[in-house]
Structures are given as C-alpha cells and as structure tokens.
Amino acid sequence: MSTVYTRPLARLVEQLQRLPGIGPKSAQRLALHLLKRPTAEVEALANALIEAKQQVGFCSVCFHLSAEPVCDICRAPSRDKTTICVVADSRDVIALEKTREFKGQYHVLGGLISPMDGIGPDQLNIQPLITRVHKAQTQEVILAINPSVEGETTTLYVGQLLKPFTRVTRIAFGLPMGGDLEYADEVTLARALEGRRDLD
C-alpha cells in the first residue's frame, strides 16, 4: 500500500477499511473524497467522531446508546411501561423505532449467547432485565432477537428465565434464518410485531 499512497493517505485508507462494510476500494474512495473537502468540514467530522465516542454511553435502565444517564425512550412519559421489547443490539432499537408501531420500553442485551465466541449469559445484560421485569411488574416481554442459531439460544434462555414473572412473546419473523432486524424493511418489522406469539 505504501508504494501506491503517501504514508498519511495510506494510514487513512487503512483506518477506513476497519469500518464494517468498507472494502479497499470504498476506503480509497472515501479517503480521496475527504482530502478534497475543505479543512473545516474534515475537522467537523473528526470532532463529531471524538465527541460521539466520549459522550455516548449506555442508558442505565435499558442499555440503549445514550448521552444521558437515562435515554429519551425510557424517560418519555408517553411510552407504555408495562411492555418491554428485548433486543440484542441498539441497531435493533433503531430499526424497530422506525416502524412507529411499538410504544413500549426496550432492553438491549448487548449481544447474543455464543459459546463459540466465549459469550455466555453473564457477559450480557440479562440479570438487569430479570430484576427490571420483577420490580416493574411488567405485563409482557417481547423477544425481538434475530432468528440465527445464537439468537434462538438466547431467546430460549431469556424466555425460560422470564416466564415465572410475566407473559413472554416473540415476534413473528418474515425473515429467513440468519436474517438481521437491522436490514429488514419497516413493513416487515411492523407485521412481525403485530404477529408476535407466546413463547412455547
């Protein structure tokens, strides 16, 4: 790479390639685009990246991304406090919010149970969920977890733990096995929420 690019440009391309979905050609195109932009614009991008990294953390209630101790969704008085939708990742919250169908609360597990990757239940936000459901007298927990092998394992594990406390449902998927909530369209996600069923 260093023979093609001058060293600072090579470093920029290399860093951009670390982003998900960015291959060598996309990284090169982005790097060259950034070099053509005004300095103020590039500095604004750099500052936005640094500020987001420094200021965005996790909501102390639901573990969704938030710059405040408690996120906007958890603070909203209009949200139904008796229903919690459990998802693996903040990207899933964003995808579900785009449907405008769900009016309850969320709980982000922070991943999926995956023994192959060394991720067990203790590495996820499962215990805080159980405590939350128990304390809040939640009427329904909706498990909205991707239908992968790890997703099914996580759904069954969390479902069994919650059943003694509340009604547990899972969304009906119009997605193939291995599909991701993040990439589903709003209509598919809205129908999946409407067609949820009790966990067996």
# chains A, B, ... in the order shown; residues from 1 in each chain; ligands from 1
$ residues_around --residues "A:Asp89" --least-positions-apart "4" --cutoff "12 Å" --atoms "only C-alpha atoms" --output "number ranges by chain"
A: 58, 62-65, 85, 93-96, 106-112, 124-125, 144-146, 151, 180-182
$ residues_around --residues "stretch 184-190 of chain A" --least-positions-apart "6" --cutoff "10 Å" --atoms "only C-alpha atoms" --output "list in words"
Asp92, Ala95, Leu96, Glu97, Lys98, Thr99, Arg100, Glu101, Phe102, Ala144, Ile171, Ala172, Phe173, Gly174 and Leu175 of chain A
$ atom_distance --atom1 "atom CA of A:Pro24" --atom2 "atom CA of A:Ser148"
28.9 Å
$ residues_around --residues "A:Thr169" --least-positions-apart "4" --cutoff "9 Å" --atoms "only C-alpha atoms" --output "list of chain:residue names"
A:Glu140, A:Val141, A:Ile142, A:Leu143, A:Ala144, A:Gly159, A:Arg196, A:Arg197, A:Asp198, A:Leu199, A:Asp200
$ write_last_selection --atoms "C-alpha atoms" --output "short mmCIF file (atom, residue, chain, number, x, y, z; two decimals), in the first residue's frame"
data_model
loop_
_atom_site.label_atom_id
_atom_site.label_comp_id
_atom_site.auth_asym_id
_atom_site.auth_seq_id
_atom_site.Cartn_x
_atom_site.Cartn_y
_atom_site.Cartn_z
CA GLU A 140 -45.35 -8.58 28.65
CA VAL A 141 -41.81 -9.09 27.40
CA ILE A 142 -41.45 -9.30 23.63
CA LEU A 143 -38.30 -11.10 22.47
CA ALA A 144 -37.23 -9.47 19.18
CA GLY A 159 -37.65 -16.74 27.81
CA ARG A 196 -45.97 -11.99 17.82
CA ARG A 197 -46.93 -15.14 19.70
CA ASP A 198 -46.38 -16.74 23.07
CA LEU A 199 -43.05 -18.46 23.54
CA ASP A 200 -43.54 -22.25 23.73
#
$ select_by_dssp --residues "stretch 107-198 of chain A" --states "strand (DSSP E or B)" --output "PyMOL selection string"
chain A and resi 107-108+114+119+140-143+167-170+197-198
$ atom_distance --atom1 "atom CA of A:Ile84" --atom2 "atom CA of A:Gln105"
4.7 Å
$ closest_residue --among "A:Cys59, A:Leu162, A:Val168, A:Ile113" --to "A:Ser90" --atoms "only C-alpha atoms"
A:Cys59
$ decode --residues "stretch 16-121 of chain A" --atoms "C-alpha atoms" --output "tab-separated table (two decimals), in the first residue's frame"
chain	number	residue	atom	x	y	z
A	16	LEU	CA	-11.33	3.49	6.94
A	17	GLN	CA	-11.05	-0.17	5.88
A	18	ARG	CA	-11.61	-1.16	9.51
A	19	LEU	CA	-15.19	0.13	9.33
A	20	PRO	CA	-17.89	-2.50	8.68
A	21	GLY	CA	-18.84	-2.86	5.03
A	22	ILE	CA	-15.89	-0.79	3.80
A	23	GLY	CA	-13.55	-2.67	1.50
A	24	PRO	CA	-10.27	-1.42	-0.04
A	25	LYS	CA	-11.95	0.41	-2.96
A	26	SER	CA	-14.56	2.11	-0.78
A	27	ALA	CA	-11.86	3.11	1.72
A	28	GLN	CA	-9.78	4.61	-1.08
A	29	ARG	CA	-12.79	6.49	-2.50
A	30	LEU	CA	-13.69	7.89	0.94
A	31	ALA	CA	-10.10	8.89	1.70
A	32	LEU	CA	-9.70	10.72	-1.61
A	33	HIS	CA	-13.10	12.41	-1.11
A	34	LEU	CA	-12.09	13.62	2.36
A	35	LEU	CA	-8.84	15.09	1.04
A	36	LYS	CA	-10.81	17.19	-1.48
A	37	ARG	CA	-13.15	18.62	1.20
A	38	PRO	CA	-12.45	21.93	2.99
A	39	THR	CA	-10.37	21.63	6.15
A	40	ALA	CA	-13.26	22.91	8.30
A	41	GLU	CA	-15.53	20.14	7.04
A	42	VAL	CA	-12.96	17.42	7.77
A	43	GLU	CA	-12.31	18.88	11.22
A	44	ALA	CA	-16.07	18.90	11.91
A	45	LEU	CA	-16.20	15.19	11.01
A	46	ALA	CA	-13.19	14.40	13.21
A	47	ASN	CA	-14.70	16.37	16.12
A	48	ALA	CA	-18.08	14.64	15.71
A	49	LEU	CA	-16.35	11.24	15.89
A	50	ILE	CA	-14.40	12.18	19.02
A	51	GLU	CA	-17.42	13.76	20.74
A	52	ALA	CA	-19.65	10.77	19.99
A	53	LYS	CA	-17.02	8.38	21.34
A	54	GLN	CA	-16.52	10.46	24.50
A	55	GLN	CA	-20.15	11.37	25.22
A	56	VAL	CA	-22.26	8.41	24.12
A	57	GLY	CA	-22.60	5.63	26.65
A	58	PHE	CA	-25.41	3.32	27.71
A	59	CYS	CA	-28.74	4.05	29.35
A	60	SER	CA	-28.69	2.82	32.96
A	61	VAL	CA	-32.20	1.37	32.54
A	62	CYS	CA	-32.35	-0.27	29.09
A	63	PHE	CA	-28.68	-0.21	27.92
A	64	HIS	CA	-29.55	1.56	24.64
A	65	LEU	CA	-27.00	4.12	23.44
A	66	SER	CA	-27.45	7.42	25.22
A	67	ALA	CA	-25.59	10.63	26.01
A	68	GLU	CA	-27.69	10.94	29.21
A	69	PRO	CA	-27.77	8.57	32.22
A	70	VAL	CA	-31.32	7.57	31.16
A	71	CYS	CA	-32.21	7.59	27.44
A	72	ASP	CA	-35.04	9.56	25.79
A	73	ILE	CA	-37.17	6.43	25.28
A	74	CYS	CA	-37.02	5.41	28.95
A	75	ARG	CA	-37.76	9.00	30.05
A	76	ALA	CA	-40.73	9.50	27.68
A	77	PRO	CA	-43.96	9.61	29.73
A	78	SER	CA	-45.99	8.51	26.69
A	79	ARG	CA	-44.27	5.10	26.48
A	80	ASP	CA	-46.05	2.00	27.82
A	81	LYS	CA	-44.06	0.99	30.91
A	82	THR	CA	-45.75	-2.42	31.17
A	83	THR	CA	-44.26	-3.83	27.94
A	84	ILE	CA	-40.56	-4.40	27.28
A	85	CYS	CA	-39.12	-5.37	23.89
A	86	VAL	CA	-35.83	-7.24	24.29
A	87	VAL	CA	-33.27	-6.87	21.50
A	88	ALA	CA	-29.64	-7.87	21.04
A	89	ASP	CA	-28.25	-4.53	19.90
A	90	SER	CA	-29.00	-0.79	19.75
A	91	ARG	CA	-29.24	-1.11	15.95
A	92	ASP	CA	-32.36	-3.24	16.54
A	93	VAL	CA	-33.94	-0.50	18.69
A	94	ILE	CA	-33.35	1.99	15.86
A	95	ALA	CA	-34.86	-0.40	13.30
A	96	LEU	CA	-37.95	-1.06	15.44
A	97	GLU	CA	-38.44	2.62	16.24
A	98	LYS	CA	-38.59	3.38	12.50
A	99	THR	CA	-41.75	1.25	12.27
A	100	ARG	CA	-43.56	3.59	14.74
A	101	GLU	CA	-45.53	0.50	15.82
A	102	PHE	CA	-44.03	-0.24	19.23
A	103	LYS	CA	-44.96	2.13	22.06
A	104	GLY	CA	-43.35	0.31	25.00
A	105	GLN	CA	-39.88	0.19	26.53
A	106	TYR	CA	-36.75	-1.61	25.30
A	107	HIS	CA	-33.99	-3.67	26.83
A	108	VAL	CA	-30.70	-4.16	24.95
A	109	LEU	CA	-28.86	-7.37	25.80
A	110	GLY	CA	-25.60	-6.19	24.27
A	111	GLY	CA	-25.11	-9.30	22.13
A	112	LEU	CA	-26.17	-12.94	21.89
A	113	ILE	CA	-25.18	-16.07	23.79
A	114	SER	CA	-22.42	-17.62	21.69
A	115	PRO	CA	-20.23	-20.23	23.42
A	116	MET	CA	-18.04	-20.47	20.29
A	117	ASP	CA	-17.12	-16.79	20.77
A	118	GLY	CA	-16.82	-17.13	24.54
A	119	ILE	CA	-20.00	-15.12	25.17
A	120	GLY	CA	-22.13	-16.56	27.95
A	121	PRO	CA	-25.21	-15.17	29.73
